[in-house]
Amino acid sequence: MTLALDPVLAKIDADLDAATARLLDLLRIQSISTDPAYKDQCDAAANWLVDDLATIGFDASKRPTPGHPMVMAHTGDSGAHVLFYGHYDVQPVDPLDLWDNDPFDPQVEDTAKGKVIRGRGSSDDKGQLMTFVEACRAWKAVHGTLPGKISIFFEGEEESGSPSLVPFMKDNAEELTADVALICDTGLYGDSTPAIITQLRGLLGEEITITGPKLDLHSGMYGGLAMNPARVLAKVIASLHDENGAVTVPDFYDGVPELSNELAASWDDLKFDEKEFLGEVGLSIPAGEKGRRPLEMIWSRPTCEVNGMTSGYTGDGFKTVLPSKASAKISFRLVGTQDPHKIREAFRKMVTDMIPADCQVEFHAHGASAAGQMSTENPAFAKAANALSDEWPNAAAYVGCGGSIPIAGHFKRVLDMDAMLIGFGKDDDAIHSPNEKYDLSSFHKGIRSWARILHALSKD
């Protein structure tokens, strides 16, 4: 028997204030995973979730790892089995002086675009994961049960590279395997089009440090004669792209597919406005590979970007030194079947070959994950798309994502399980940045959306 949906949606509407208050409680916990000083706070966030899930009938527990704990929860014993994934850890808040208020004293604020929930983790990912929890709460309150078999898997290290994730998944593969995985760490397309992510770029991170003289030198005494590692670094960085914006690392484009005509037409229908997109961040001229669609460049083409550079004196005033060291952090977003490990080897050889005999280079790896591609042939995708279309003003769209969410690939490679990435964040949520927010409407309609999806997936 299929349980009625409308009373659940009505319960969600009536309970919005209480749901928001629960989210604010979770947001007050300073679960910064990358800083050991917040270890106890990460543990507290896991405890909070275990306790909350228990109140709505889940068999919930905190599972230890070498790092921060996982949260596992189960309910139901029949029907379609879904596994929902989210992460309770958050990014550091630096620079603190750019926040308008305490990032861990969350508030509901009125803005020109409507009410928002302001605070670290409000969008990434506590607000998003609580949309699913609140949908489950409403189903349980109305019907005393959930529509199907539900498992929940919350991680505490997503923002610090997930070192414990894959070992935990392998050790608990049977418990974690379901008919389909649901991931809520993405966003809408625009403000009112629900999106199901079908492809994600992979990520390769490299840090290079070039050393020349054994100490900083006086630029008047040594400049011109001694090799300056900052010059060497600048040459390396300048060589990473050609005049057309293509990446020059040897064999970099091996495994990069061309955009299909069908997908190109679908993305063209989204009417993406690159001038408006860039204008919101103070830019106006598209960069990147010449001759490529804007959406193609941020969703389905690989990139090489410099994320930071350090060398010499960078304080106030001026200091005429020839620096001893020069460093850069460089990331590659990957697509298709690009192999991050082969690209790492090719990049390091390319850089090493450019280093003068009087200098040395050291490399430090910062993760390597391949791109993810989700097949929409699983019937769950169409059911979810129809359910989302019933909730939002516009029909749901299958879209790409320029970011990297390795868990989606792990579900496929480790558990052989398809994953649907459905989120309700917006481009202006300022995730990872000061004054992070989550629209109250995203939270509300996100809860309603998951209620609809659970109802749709429970049908034959």
# chains A, B, ... in the order shown; residues from 1 in each chain; ligands from 1
$ select_by_dssp --residues "region 349-439 of chain A" --states "strand (DSSP E)" --output "list in words"
Gln360, Val361, Glu362, Phe363, His364, Ala365, His366, Gly367, Ala368, Ser369, Gly372, Gln373, Ala397, Tyr398, Val399, Gly400, Cys401, Ala419, Met420, Leu421, Ile422, Lys437, Tyr438 and Asp439 of chain A
$ write_last_selection --atoms "C-alpha atoms" --output "PDB file, in the first residue's frame"
ATOM      1  CA  GLN A 360      65.709  22.038  -6.663  1.00  0.00           C
ATOM      2  CA  VAL A 361      61.994  21.248  -6.710  1.00  0.00           C
ATOM      3  CA  GLU A 362      59.891  19.349  -4.188  1.00  0.00           C
ATOM      4  CA  PHE A 363      56.359  18.103  -4.739  1.00  0.00           C
ATOM      5  CA  HIS A 364      53.606  17.515  -2.207  1.00  0.00           C
ATOM      6  CA  ALA A 365      50.440  15.668  -3.250  1.00  0.00           C
ATOM      7  CA  HIS A 366      47.008  16.923  -2.189  1.00  0.00           C
ATOM      8  CA  GLY A 367      44.634  14.173  -3.238  1.00  0.00           C
ATOM      9  CA  ALA A 368      43.744  12.509  -6.525  1.00  0.00           C
ATOM     10  CA  SER A 369      40.235  11.482  -7.544  1.00  0.00           C
ATOM     11  CA  GLY A 372      32.349  10.584 -11.905  1.00  0.00           C
ATOM     12  CA  GLN A 373      29.646   9.760 -14.444  1.00  0.00           C
ATOM     13  CA  ALA A 397      17.165  19.117 -15.301  1.00  0.00           C
ATOM     14  CA  TYR A 398      20.051  16.686 -15.636  1.00  0.00           C
ATOM     15  CA  VAL A 399      23.164  18.822 -15.330  1.00  0.00           C
ATOM     16  CA  GLY A 400      26.916  18.621 -14.882  1.00  0.00           C
ATOM     17  CA  CYS A 401      28.904  19.961 -11.964  1.00  0.00           C
ATOM     18  CA  ALA A 419      24.162   7.700  -6.846  1.00  0.00           C
ATOM     19  CA  MET A 420      21.793  10.619  -7.399  1.00  0.00           C
ATOM     20  CA  LEU A 421      23.151  14.024  -6.443  1.00  0.00           C
ATOM     21  CA  ILE A 422      20.269  16.330  -5.573  1.00  0.00           C
ATOM     22  CA  LYS A 437      23.972  31.218   4.061  1.00  0.00           C
ATOM     23  CA  TYR A 438      21.175  28.865   3.033  1.00  0.00           C
ATOM     24  CA  ASP A 439      17.896  30.302   1.804  1.00  0.00           C
TER      25      ASP A 439
END
$ residues_around --residues "region 425-427 of chain A" --least-positions-apart "2" --cutoff "9 Å" --atoms "only C-alpha atoms" --output "compact mmCIF listing (two decimals) with C-alpha atoms, in the first residue's frame"
# COMPACT_ATOMS: atom_id res chain seq x y z
CA SER A 123 24.49 25.29 3.09
CA ASP A 124 27.55 23.03 3.14
CA GLN A 128 21.30 20.18 3.15
CA ASP A 185 25.78 18.32 -1.38
CA THR A 186 24.90 20.17 -4.59
CA GLY A 187 22.52 22.91 -5.68
CA LEU A 188 19.75 24.18 -7.88
CA TYR A 189 20.31 25.39 -11.42
CA GLY A 190 19.59 29.08 -11.01
CA ASP A 191 17.05 29.89 -8.32
CA GLY A 423 20.75 19.55 -3.63
CA ASP A 429 25.38 30.72 -0.73
CA ALA A 430 29.07 31.60 -0.15
CA ILE A 431 30.04 28.08 0.84
CA TYR A 438 21.18 28.87 3.03
CA ASP A 439 17.90 30.30 1.80
CA SER A 442 15.78 26.12 -0.10
CA PHE A 443 15.54 24.46 3.31
$ closest_atom_pairs --of "region 184-242 of chain A" --to "region 150-165 of chain A" --cutoff "12 Å" --atoms "only C-alpha atoms" --output "JSON lines"
{"residue": "A:Cys184", "atom": "CA", "partner": "A:Phe154", "partner_atom": "CA", "distance": 11.0}
{"residue": "A:Asp185", "atom": "CA", "partner": "A:Glu158", "partner_atom": "CA", "distance": 10.6}
{"residue": "A:Leu203", "atom": "CA", "partner": "A:Gly161", "partner_atom": "CA", "distance": 11.2}
{"residue": "A:Leu204", "atom": "CA", "partner": "A:Gly161", "partner_atom": "CA", "distance": 11.7}
{"residue": "A:Gly205", "atom": "CA", "partner": "A:Gly161", "partner_atom": "CA", "distance": 11.1}
$ residues_around --residues "region 70-82 of chain A" --least-positions-apart "6" --cutoff "10 Å" --atoms "only C-alpha atoms" --output "ChimeraX atom specification"
/A:43,45-47,49-50,53-54,56-64,88,145-157,164-165,168,175-182,380,419,454,457-460
$ closest_residue --among "A:Gly223, A:Gly86, A:Gly67, A:Gly144" --to "Ile183 (chain A)" --atoms "only C-alpha atoms"
A:Gly86
$ residues_around --residues "Pro92 (chain A)" --least-positions-apart "4" --cutoff "10 Å" --atoms "only C-alpha atoms" --output "list in words"
Gln30, Ser31, Ile32, Ser33, Thr34, Asp35, Leu96, Pro103, Arg120, Gly121, Glu159, His432, Ser433 and Pro434 of chain A
$ write_last_selection --atoms "C-alpha atoms" --output "compact mmCIF listing (two decimals), in the first residue's frame"
# COMPACT_ATOMS: atom_id res chain seq x y z
CA GLN A 30 31.91 24.02 15.64
CA SER A 31 32.66 20.82 13.71
CA ILE A 32 35.73 21.99 11.77
CA SER A 33 37.31 18.71 10.70
CA THR A 34 40.65 19.93 9.38
CA ASP A 35 41.73 21.55 12.70
CA LEU A 96 36.98 35.79 10.72
CA PRO A 103 29.82 32.16 12.20
CA ARG A 120 29.02 28.23 8.83
CA GLY A 121 27.67 24.95 7.47
CA GLU A 159 36.10 18.99 4.26
CA HIS A 432 33.65 27.92 2.13
CA SER A 433 33.52 31.72 2.41
CA PRO A 434 32.58 34.32 5.03
$ residues_around --residues "region 230-238 of chain A" --least-positions-apart "5" --cutoff "12 Å" --atoms "only C-alpha atoms" --output "count of residues only"
51
$ decode --residues "region 380-410 of chain A" --atoms "C-alpha atoms" --output "tab-separated table (two decimals), in the first residue's frame"
chain	number	residue	atom	x	y	z
A	380	ALA	CA	15.14	6.00	-9.78
A	381	PHE	CA	16.45	8.97	-11.80
A	382	ALA	CA	13.21	9.47	-13.73
A	383	LYS	CA	11.12	9.02	-10.57
A	384	ALA	CA	13.20	11.61	-8.72
A	385	ALA	CA	13.11	14.04	-11.64
A	386	ASN	CA	9.31	13.83	-11.83
A	387	ALA	CA	8.99	14.30	-8.07
A	388	LEU	CA	11.22	17.38	-8.13
A	389	SER	CA	9.32	18.81	-11.08
A	390	ASP	CA	6.10	18.58	-9.06
A	391	GLU	CA	7.62	20.72	-6.27
A	392	TRP	CA	9.49	23.46	-8.13
A	393	PRO	CA	8.36	26.07	-10.68
A	394	ASN	CA	10.55	24.57	-13.40
A	395	ALA	CA	11.01	20.98	-14.50
A	396	ALA	CA	14.04	19.14	-13.14
A	397	ALA	CA	17.17	19.12	-15.30
A	398	TYR	CA	20.05	16.69	-15.64
A	399	VAL	CA	23.16	18.82	-15.33
A	400	GLY	CA	26.92	18.62	-14.88
A	401	CYS	CA	28.90	19.96	-11.96
A	402	GLY	CA	32.27	21.67	-12.13
A	403	GLY	CA	33.11	20.66	-8.58
A	404	SER	CA	34.37	17.35	-7.25
A	405	ILE	CA	32.37	15.14	-4.90
A	406	PRO	CA	34.46	11.96	-4.65
A	407	ILE	CA	31.83	10.06	-2.64
A	408	ALA	CA	29.72	9.62	-5.78
A	409	GLY	CA	32.55	7.76	-7.50
A	410	HIS	CA	33.29	5.77	-4.35
